[in-house]
file upload.txt (compact mmCIF, C-alpha atoms and all ligand atoms)
# COMPACT_ATOMS: atom_id res chain seq x y z
CA MET A 1 0.00 0.00 0.00
CA GLY A 2 1.28 3.51 -0.80
CA ASP A 3 1.27 6.60 1.41
CA GLU A 4 -1.64 8.35 -0.36
CA PRO A 5 -4.41 6.84 1.79
CA VAL A 6 -2.45 7.84 4.92
CA MET A 7 -2.15 11.42 3.66
CA ALA A 8 -5.88 11.39 2.89
CA THR A 9 -6.63 10.83 6.59
CA ASN A 10 -5.70 14.50 7.01
CA ASP A 11 -8.57 15.53 4.72
CA ASP A 12 -10.93 13.45 6.77
CA ALA A 13 -9.69 14.88 10.10
CA SER A 14 -9.89 18.44 8.77
CA GLU A 15 -13.44 17.92 7.48
CA CYS A 16 -14.52 16.49 10.84
CA LYS A 17 -13.03 19.49 12.67
CA ARG A 18 -14.66 21.94 10.25
CA GLY A 19 -18.08 20.33 10.78
CA ALA A 20 -17.79 20.28 14.58
CA VAL A 21 -16.58 23.91 14.69
CA GLN A 22 -19.53 24.92 12.52
CA LEU A 23 -21.91 23.35 15.05
CA GLY A 24 -20.25 25.23 17.92
CA TYR A 25 -18.33 22.45 19.70
CA TRP A 26 -15.30 24.74 19.89
CA THR A 27 -14.00 27.88 18.16
CA ASP A 28 -11.49 27.82 15.35
CA ASN A 29 -11.48 30.85 13.06
CA TYR A 30 -8.86 29.33 10.78
CA ILE A 31 -10.04 25.82 9.84
CA PRO A 32 -12.53 27.24 7.26
CA TYR A 33 -9.58 28.40 5.13
CA PHE A 34 -8.35 24.82 4.88
CA VAL A 35 -11.73 23.12 4.40
CA ARG A 36 -14.30 24.95 2.34
CA HIS A 37 -17.24 22.57 2.35
CA ILE A 38 -19.07 21.34 5.41
CA GLU A 39 -20.00 17.71 5.77
CA ARG A 40 -22.25 16.60 8.57
CA LYS A 41 -20.74 13.83 10.70
CA ALA A 42 -22.37 11.63 13.34
CA PRO A 43 -22.75 13.27 16.79
CA GLU A 44 -20.44 10.61 18.27
CA ILE A 45 -17.66 11.68 15.90
CA ASN A 46 -18.16 15.35 16.82
CA ARG A 47 -18.01 14.60 20.52
CA GLY A 48 -14.90 12.50 19.98
CA TYR A 49 -13.15 15.39 18.23
CA PHE A 50 -14.33 17.80 20.92
CA ALA A 51 -12.85 15.64 23.71
CA ARG A 52 -9.57 15.21 21.87
CA ILE A 53 -9.16 18.91 21.05
CA LYS A 54 -10.00 19.84 24.66
CA ALA A 55 -7.50 17.37 26.11
CA VAL A 56 -4.66 18.19 23.74
CA ASP A 57 -5.20 21.96 24.14
CA ASN A 58 -5.24 21.53 27.90
CA PHE A 59 -1.83 19.82 27.93
CA ILE A 60 -0.46 22.42 25.51
CA GLN A 61 -1.56 25.20 27.91
CA LYS A 62 -0.01 23.41 30.88
CA PHE A 63 3.24 22.96 29.00
CA ILE A 64 3.44 26.59 27.85
CA ASN A 65 2.52 27.92 31.30
CA ARG A 66 5.40 25.97 32.77
CA ALA A 67 8.01 26.37 30.00
CA GLY A 68 7.26 30.05 29.25
CA SER A 69 8.58 31.89 26.22
CA ASN A 70 11.46 29.43 25.86
CA ALA A 71 8.97 26.76 24.78
CA GLN A 72 9.28 25.08 21.41
CA ILE A 73 6.59 22.96 19.73
CA ILE A 74 7.16 20.24 17.15
CA ASN A 75 3.91 18.97 15.66
CA PHE A 76 4.42 15.60 13.92
CA GLY A 77 2.00 14.80 11.08
CA ALA A 78 0.37 18.19 11.70
CA GLY A 79 -1.78 18.08 8.56
CA PHE A 80 -3.95 21.21 8.45
CA ASP A 81 -3.72 21.83 12.20
CA THR A 82 -4.44 25.52 12.99
CA LEU A 83 -2.67 25.53 16.37
CA TYR A 84 -0.13 28.20 15.33
CA TRP A 85 -2.85 30.77 14.60
CA ARG A 86 -4.92 29.83 17.64
CA LEU A 87 -1.91 30.36 19.92
CA LYS A 88 -1.19 33.72 18.29
CA ASP A 89 -4.82 34.81 18.84
CA GLU A 90 -4.33 34.08 22.54
CA GLY A 91 -1.22 36.28 22.56
CA ILE A 92 1.03 33.32 23.39
CA VAL A 93 4.70 33.83 22.58
CA ILE A 94 6.98 30.81 22.21
CA SER A 95 10.44 30.49 20.75
CA GLY A 96 9.69 28.06 17.90
CA TYR A 97 6.84 26.17 16.28
CA VAL A 98 7.53 23.51 13.65
CA GLU A 99 5.05 21.39 11.71
CA LEU A 100 6.20 18.26 9.90
CA ASP A 101 4.18 16.20 7.43
CA PHE A 102 4.61 14.49 4.07
CA PRO A 103 5.72 17.05 1.42
CA THR A 104 2.46 16.45 -0.49
CA VAL A 105 0.50 17.63 2.57
CA THR A 106 2.80 20.54 3.50
CA SER A 107 2.76 21.83 -0.08
CA LYS A 108 -1.06 22.00 0.07
CA LYS A 109 -0.81 23.79 3.41
CA CYS A 110 1.79 26.26 2.06
CA TYR A 111 -0.44 26.94 -0.96
CA THR A 112 -3.46 27.64 1.27
CA ILE A 113 -1.41 29.96 3.50
CA LYS A 114 -0.13 31.85 0.45
CA ARG A 115 -3.62 32.26 -0.99
CA ASN A 116 -5.34 33.46 2.19
CA LYS A 117 -4.29 36.86 3.44
CA PRO A 118 -5.60 36.45 7.01
CA LEU A 119 -3.41 33.35 7.45
CA LEU A 120 -0.38 34.96 5.86
CA ASP A 121 -0.79 38.34 7.56
CA ARG A 122 -0.87 36.73 10.99
CA ILE A 123 2.51 35.13 10.29
CA TYR A 124 3.96 38.39 8.89
CA GLU A 125 2.75 40.36 11.92
CA GLN A 126 4.16 37.91 14.42
CA ASP A 127 7.08 36.28 12.70
CA GLY A 128 8.35 38.64 10.03
CA GLU A 129 9.30 37.65 6.52
CA VAL A 130 7.72 34.45 5.16
CA ARG A 131 9.68 32.34 2.65
CA PHE A 132 8.10 29.56 0.64
CA SER A 133 9.50 26.71 -1.42
CA SER A 134 7.07 24.32 -3.10
CA THR A 135 6.84 22.14 0.02
CA ASP A 136 8.23 24.24 2.90
CA MET A 137 7.50 27.51 4.63
CA HIS A 138 9.91 29.39 6.87
CA SER A 139 9.30 32.51 8.93
CA GLY A 140 10.86 33.86 12.13
CA ASN A 141 9.42 31.26 14.49
CA PHE A 142 6.94 29.26 12.42
CA HIS A 143 8.08 26.57 10.01
CA CYS A 144 5.95 24.12 8.02
CA LEU A 145 8.21 21.47 6.53
CA GLY A 146 7.79 18.46 4.26
CA VAL A 147 9.44 15.29 5.51
CA ASP A 148 8.87 11.56 5.85
CA LEU A 149 8.78 10.86 9.59
CA ARG A 150 10.39 7.47 8.92
CA ASN A 151 13.57 9.27 7.91
CA ILE A 152 15.39 10.51 11.04
CA GLN A 153 18.24 12.09 9.07
CA GLN A 154 15.74 14.21 7.13
CA ILE A 155 13.98 15.21 10.36
CA LYS A 156 17.30 16.30 11.87
CA GLU A 157 18.07 18.44 8.82
CA LYS A 158 14.62 20.04 8.85
CA LEU A 159 14.81 20.83 12.57
CA GLN A 160 18.22 22.38 12.03
CA GLN A 161 16.80 24.56 9.25
CA ALA A 162 14.06 25.60 11.69
CA GLU A 163 16.74 26.47 14.29
CA ILE A 164 15.26 24.21 16.93
CA LYS A 165 17.40 24.20 20.07
CA PHE A 166 17.92 20.82 21.68
CA ASP A 167 18.37 22.27 25.17
CA LYS A 168 15.09 24.22 25.24
CA PRO A 169 11.87 22.72 26.70
CA THR A 170 10.12 21.13 23.74
CA LEU A 171 6.58 19.91 23.28
CA PHE A 172 6.03 17.10 20.78
CA ILE A 173 2.53 16.53 19.45
CA ALA A 174 1.30 13.54 17.42
CA GLU A 175 -2.46 13.36 16.89
CA CYS A 176 -3.47 10.19 15.06
CA VAL A 177 -0.11 9.90 13.33
CA LEU A 178 2.14 7.25 14.88
CA VAL A 179 -0.40 4.48 14.19
CA TYR A 180 0.27 4.90 10.45
CA ILE A 181 4.02 4.34 10.85
CA GLU A 182 5.72 0.95 11.37
CA SER A 183 6.56 0.49 15.09
CA GLU A 184 10.23 0.05 14.27
CA TRP A 185 10.37 3.58 12.84
CA VAL A 186 8.35 5.10 15.66
CA ASN A 187 10.74 3.48 18.14
CA ARG A 188 13.72 4.97 16.33
CA LEU A 189 12.08 8.40 16.32
CA LEU A 190 11.26 8.25 20.03
CA GLN A 191 14.77 6.99 20.81
CA TRP A 192 16.36 9.77 18.84
CA LEU A 193 14.16 12.42 20.50
CA SER A 194 15.01 11.14 23.98
CA SER A 195 18.72 11.24 23.22
CA ALA A 196 18.71 14.59 21.41
CA PHE A 197 16.52 16.73 23.70
CA SER A 198 17.32 17.35 27.35
CA THR A 199 13.83 18.36 28.51
CA GLY A 200 10.54 17.70 26.79
CA PHE A 201 6.95 16.55 26.83
CA PHE A 202 5.08 14.39 24.30
CA ILE A 203 1.31 14.35 23.71
CA ASN A 204 0.20 11.35 21.70
CA TYR A 205 -3.44 10.82 20.75
CA GLU A 206 -4.45 7.65 18.98
CA MET A 207 -6.16 4.26 19.18
CA CYS A 208 -6.00 1.85 22.10
CA ASN A 209 -7.73 -1.38 23.21
CA MET A 210 -7.79 -2.50 19.59
CA ASN A 211 -7.76 -6.22 20.39
CA ASP A 212 -11.53 -6.71 20.29
CA THR A 213 -14.39 -6.87 17.79
CA PHE A 214 -14.92 -3.11 17.75
CA GLY A 215 -11.18 -2.66 17.11
CA ASP A 216 -11.36 -5.19 14.25
CA ILE A 217 -14.22 -3.22 12.68
CA MET A 218 -12.28 0.06 12.98
CA MET A 219 -9.23 -1.52 11.35
CA GLY A 220 -11.37 -3.13 8.65
CA ASN A 221 -12.91 0.25 7.76
CA LEU A 222 -9.49 1.86 7.40
CA ARG A 223 -8.09 -1.06 5.40
CA ALA A 224 -11.08 -0.86 3.06
CA ARG A 225 -9.92 2.69 2.29
CA GLY A 226 -6.43 1.35 1.54
CA CYS A 227 -5.04 2.61 4.83
CA ASN A 228 -2.72 0.27 6.65
CA LEU A 229 -2.34 0.76 10.40
CA ALA A 230 1.32 -0.21 10.36
CA GLY A 231 1.91 0.83 13.97
CA ILE A 232 -1.16 -0.83 15.48
CA SER A 233 0.87 -3.20 17.70
CA ASN A 234 1.50 -0.33 20.13
CA CYS A 235 -2.21 0.42 20.34
CA LYS A 236 -3.14 -2.82 22.13
CA ASN A 237 -3.79 -1.09 25.43
CA LEU A 238 -2.69 1.78 27.66
CA ASP A 239 0.33 -0.23 28.88
CA THR A 240 1.71 -0.74 25.37
CA GLN A 241 1.24 2.97 24.73
CA LYS A 242 3.18 3.90 27.87
CA SER A 243 5.91 1.28 27.58
CA ARG A 244 6.84 2.51 24.10
CA PHE A 245 8.06 5.74 25.73
CA ILE A 246 9.86 4.04 28.61
CA ASP A 247 11.49 1.46 26.31
CA ASN A 248 12.81 4.25 24.12
CA GLY A 249 14.59 6.22 26.82
CA TRP A 250 11.85 8.58 28.07
CA SER A 251 11.79 9.41 31.79
CA GLY A 252 8.12 8.53 32.33
CA ALA A 253 4.69 8.13 30.73
CA LYS A 254 0.99 8.13 31.65
CA ALA A 255 -2.10 7.27 29.60
CA TRP A 256 -5.88 7.60 29.84
CA ASP A 257 -8.61 6.29 27.59
CA MET A 258 -11.06 8.86 26.24
CA VAL A 259 -13.80 7.78 28.66
CA GLU A 260 -11.60 9.08 31.49
CA VAL A 261 -10.55 12.09 29.45
CA TYR A 262 -14.15 13.03 28.68
CA HIS A 263 -15.10 12.88 32.35
CA SER A 264 -12.17 15.10 33.28
CA ILE A 265 -13.66 17.98 31.26
CA GLU A 266 -15.45 20.63 33.35
CA PRO A 267 -19.11 19.56 33.87
CA ALA A 268 -20.40 22.94 32.59
CA GLU A 269 -18.48 22.56 29.34
CA ARG A 270 -19.71 18.98 28.90
CA ALA A 271 -23.28 20.09 29.58
CA ARG A 272 -22.91 22.83 26.95
CA ILE A 273 -21.76 20.54 24.14
CA GLU A 274 -24.15 17.73 25.08
CA LYS A 275 -26.97 20.11 24.17
CA ILE A 276 -25.63 20.72 20.66
CA GLU A 277 -26.73 17.36 19.24
CA PHE A 278 -29.00 14.69 20.57
CA LEU A 279 -27.39 11.28 21.01
CA ASP A 280 -29.72 8.32 20.39
CA GLU A 281 -27.71 5.90 22.43
CA GLN A 282 -24.65 6.32 24.61
CA GLU A 283 -23.30 2.84 23.85
CA LEU A 284 -21.59 3.74 20.56
CA LEU A 285 -19.99 6.88 22.05
CA ILE A 286 -18.61 4.90 24.98
CA GLN A 287 -17.21 2.23 22.66
CA LEU A 288 -15.55 4.89 20.55
CA PHE A 289 -14.08 6.58 23.63
CA GLN A 290 -12.78 3.22 24.90
CA HIS A 291 -10.78 2.80 21.70
CA TYR A 292 -8.87 6.08 21.74
CA CYS A 293 -6.45 7.46 24.31
CA ILE A 294 -4.12 10.26 25.29
CA CYS A 295 -0.64 9.12 26.25
CA ILE A 296 1.95 11.56 27.56
CA GLY A 297 5.68 11.03 27.91
CA TRP A 298 8.32 13.29 29.44
CA LEU A 299 12.07 13.81 29.39
CA GLY A 300 13.65 15.03 32.64
CA ASN A 301 11.45 15.97 35.58
CA ASP A 302 10.03 19.35 34.61
CA PHE A 303 6.70 17.98 33.37
CA ALA A 304 6.42 14.71 35.30
CA ASP A 305 3.54 15.93 37.49
CA PHE A 306 1.10 16.75 34.64
CA GLU A 307 -2.31 15.10 34.96
CA ILE A 308 -5.39 14.93 32.78
CA GLY A 309 -7.59 17.23 34.95
CA MET A 310 -9.01 20.33 33.23
C1 LIG A 401 -5.10 11.53 10.70
S1 LIG A 401 -4.04 12.77 10.05
C2 LIG A 401 -3.89 13.81 11.47
C3 LIG A 401 -3.55 15.23 11.15
C4 LIG A 401 -3.45 16.16 12.36
N1 LIG A 401 -2.43 15.69 13.29
C5 LIG A 401 -4.80 16.23 13.06
O1 LIG A 401 -4.91 15.72 14.16
O2 LIG A 401 -5.73 16.77 12.48
C6 LIG A 401 -2.45 11.93 10.00
C7 LIG A 401 -1.34 12.82 9.44
O3 LIG A 401 -0.08 12.16 9.64
C8 LIG A 401 0.71 12.32 8.49
N2 LIG A 401 1.69 11.22 8.41
C9 LIG A 401 1.46 9.90 8.60
N3 LIG A 401 2.61 9.20 8.39
C10 LIG A 401 3.57 10.11 8.07
C11 LIG A 401 4.95 10.00 7.73
N4 LIG A 401 5.58 8.82 7.65
N5 LIG A 401 5.64 11.13 7.44
C12 LIG A 401 5.01 12.34 7.49
N6 LIG A 401 3.71 12.51 7.82
C13 LIG A 401 2.99 11.40 8.09
C14 LIG A 401 -0.33 12.26 7.36
O4 LIG A 401 0.16 12.80 6.14
C15 LIG A 401 -1.49 13.06 7.94
O5 LIG A 401 -1.40 14.43 7.67

call {"tool": "encode", "arguments": {"input": "upload.txt", "output": "structure tokens"}}
result
Amino acid sequence: MGDEPVMATNDDASECKRGAVQLGYWTDNYIPYFVRHIERKAPEINRGYFARIKAVDNFIQKFINRAGSNAQIINFGAGFDTLYWRLKDEGIVISGYVELDFPTVTSKKCYTIKRNKPLLDRIYEQDGEVRFSSTDMHSGNFHCLGVDLRNIQQIKEKLQQAEIKFDKPTLFIAECVLVYIESEWVNRLLQWLSSAFSTGFFINYEMCNMNDTFGDIMMGNLRARGCNLAGISNCKNLDTQKSRFIDNGWSGAKAWDMVEVYHSIEPAERARIEKIEFLDEQELLIQLFQHYCICIGWLGNDFADFEIGM
């Protein structure tokens, strides 16, 4: 199987986010530039995206609050993520933000940034001159770079171009990305990160508890679209998610399934979004939540006390 179906998962994720934002699950003024049409998804899918966005954003805030303006962010398989612009809208200043994805995906992102003044202007205002190649974008502190995450040498070169500092506190994000990469390559990436960076924090969101009938159906659906889950062996349960960090030199790891994550969201916020769409039966939502998780890993002790609470 080629990489095209894996890249296409970004279109799907972006469409889901666009639809949920349109319904009011959360605010994102920038996703409409990347996805023009709105497709209605099942309420369970919208709630799933809501919980994931809330949890990931919450850890990002915690990290930035602690690391301050020295913070760097490296977003693996970022797709059309709008995090850079959302952070800027909140007035958050960090020392570097790098997005990595396949060159086919980053070239589409660069093209969209070039063609939409509000996206481009925000970068100009905050990060000075913007330089584009067909697949990469560089500015003062924001870089969107095409790379195959299975190629560590290429990653090193791209991070050097982006002037990432290995001694600064660095947040690594991978949302639904590692599962598409053979475990051997993910292990090498995690090993390299743990040896290269002195202090850091990793947020990984992806599948877990895949060894049951529901998991088989999820995998079958993706395979039917030509998408191989090459890294699925680490998604067996929360322990396999955590041990991947420990086995690859990280100082510690914790993981929660999305049932726990959902219940950690403030009751008022849950009550608000539960009114947006009526859910026929809770069973499907719970099953979906049981099959996704947030796993965090840290390097050094600076972020070892972070918990899921919001
Ligand atoms: C499901 S999408 C998620 C996008 C984004 N993180 C989000 O949450 O919306 C998976 C992304 O990972 C990227 N990806 C998967 N394997 C990759 C690899 N080997 N090298 C670079 N990018 C990869 C895909 O191109 C795609 O953009």

call {"tool": "residues_near_ligand", "arguments": {"input": "upload.txt", "ligand": "ligand LIG 401 (chain A)", "cutoff": "9 Å", "atoms": "only C-alpha atoms and all ligand atoms", "output": "ChimeraX atom specification"}}
result
/A:3-14,16-17,53,75-82,100-106,146-151,173-182,185,205

call {"tool": "residues_near_point", "arguments": {"input": "upload.txt", "point": "(-10.6, -0.7, 20.4)", "cutoff": "9 Å", "atoms": "only C-alpha atoms", "output": "ChimeraX atom specification"}}
result
/A:207-218,235-237,287-292

call {"tool": "write_last_selection", "arguments": {"input": "upload.txt", "atoms": "C-alpha atoms", "output": "short mmCIF file (atom, residue, chain, number, x, y, z; two decimals), in the coordinates of the input"}}
result
data_model
loop_
_atom_site.label_atom_id
_atom_site.label_comp_id
_atom_site.auth_asym_id
_atom_site.auth_seq_id
_atom_site.Cartn_x
_atom_site.Cartn_y
_atom_site.Cartn_z
CA MET A 207 -6.16 4.26 19.18
CA CYS A 208 -6.00 1.85 22.10
CA ASN A 209 -7.73 -1.38 23.21
CA MET A 210 -7.79 -2.50 19.59
CA ASN A 211 -7.76 -6.22 20.39
CA ASP A 212 -11.53 -6.71 20.29
CA THR A 213 -14.39 -6.87 17.79
CA PHE A 214 -14.92 -3.11 17.75
CA GLY A 215 -11.18 -2.66 17.11
CA ASP A 216 -11.36 -5.19 14.25
CA ILE A 217 -14.22 -3.22 12.68
CA MET A 218 -12.28 0.06 12.98
CA CYS A 235 -2.21 0.42 20.34
CA LYS A 236 -3.14 -2.82 22.13
CA ASN A 237 -3.79 -1.09 25.43
CA GLN A 287 -17.21 2.23 22.66
CA LEU A 288 -15.55 4.89 20.55
CA PHE A 289 -14.08 6.58 23.63
CA GLN A 290 -12.78 3.22 24.90
CA HIS A 291 -10.78 2.80 21.70
CA TYR A 292 -8.87 6.08 21.74
#

call {"tool": "atom_distance", "arguments": {"input": "upload.txt", "atom1": "atom CA of A:Glu274", "atom2": "atom CA of A:Tyr25"}}
result
9.2 Å

call {"tool": "closest_residue", "arguments": {"input": "upload.txt", "among": "A:Phe306, A:Phe63, A:Phe34, A:Trp256", "to": "A:Leu238", "atoms": "all atoms listed in the file"}}
result
A:Trp256

call {"tool": "closest_residue", "arguments": {"input": "upload.txt", "among": "A:Glu206, A:Asp247, A:Glu163, A:Asp121", "to": "A:Gln191", "atoms": "all atoms listed in the file"}}
result
A:Asp247

call {"tool": "atom_distance", "arguments": {"input": "upload.txt", "atom1": "atom CA of A:Met258", "atom2": "atom CA of A:Glu44"}}
result
12.4 Å

call {"tool": "atom_distance", "arguments": {"input": "upload.txt", "atom1": "atom CA of A:Ile203", "atom2": "atom CA of A:Gln153"}}
result
22.5 Å

call {"tool": "closest_residue", "arguments": {"input": "upload.txt", "among": "A:Leu87, A:Ala304, A:Ala51, A:Ile152", "to": "A:Trp26", "atoms": "all atoms listed in the file"}}
result
A:Ala51

call {"tool": "closest_residue", "arguments": {"input": "upload.txt", "among": "A:Arg188, A:Arg223, A:Lys158, A:Arg52", "to": "A:Glu260", "atoms": "all atoms listed in the file"}}
result
A:Arg52

call {"tool": "residues_around", "arguments": {"input": "upload.txt", "residues": "A:Lys242", "least_positions_apart": "2", "cutoff": "12 Å", "atoms": "only C-alpha atoms", "output": "PyMOL selection string"}}
result
chain A and resi 202-205+208+234-240+244-256+293-298

call {"tool": "closest_residue", "arguments": {"input": "upload.txt", "among": "A:Tyr97, A:Ile45, A:Val56, A:Gly309", "to": "A:Ile265", "atoms": "all atoms listed in the file"}}
result
A:Gly309

call {"tool": "closest_residue", "arguments": {"input": "upload.txt", "among": "A:Ala196, A:Ile276, A:Ala55, A:Ala20", "to": "A:Val261", "atoms": "all atoms listed in the file"}}
result
A:Ala55

call {"tool": "axis_aligned_box", "arguments": {"input": "upload.txt", "around": "stretch 76-82 of chain A", "padding_each_side": "3 Å", "output": "AutoDock Vina command-line options"}}
result
--center_x 0.0 --center_y 20.2 --center_z 11.2 --size_x 14.9 --size_y 16.7 --size_z 11.5
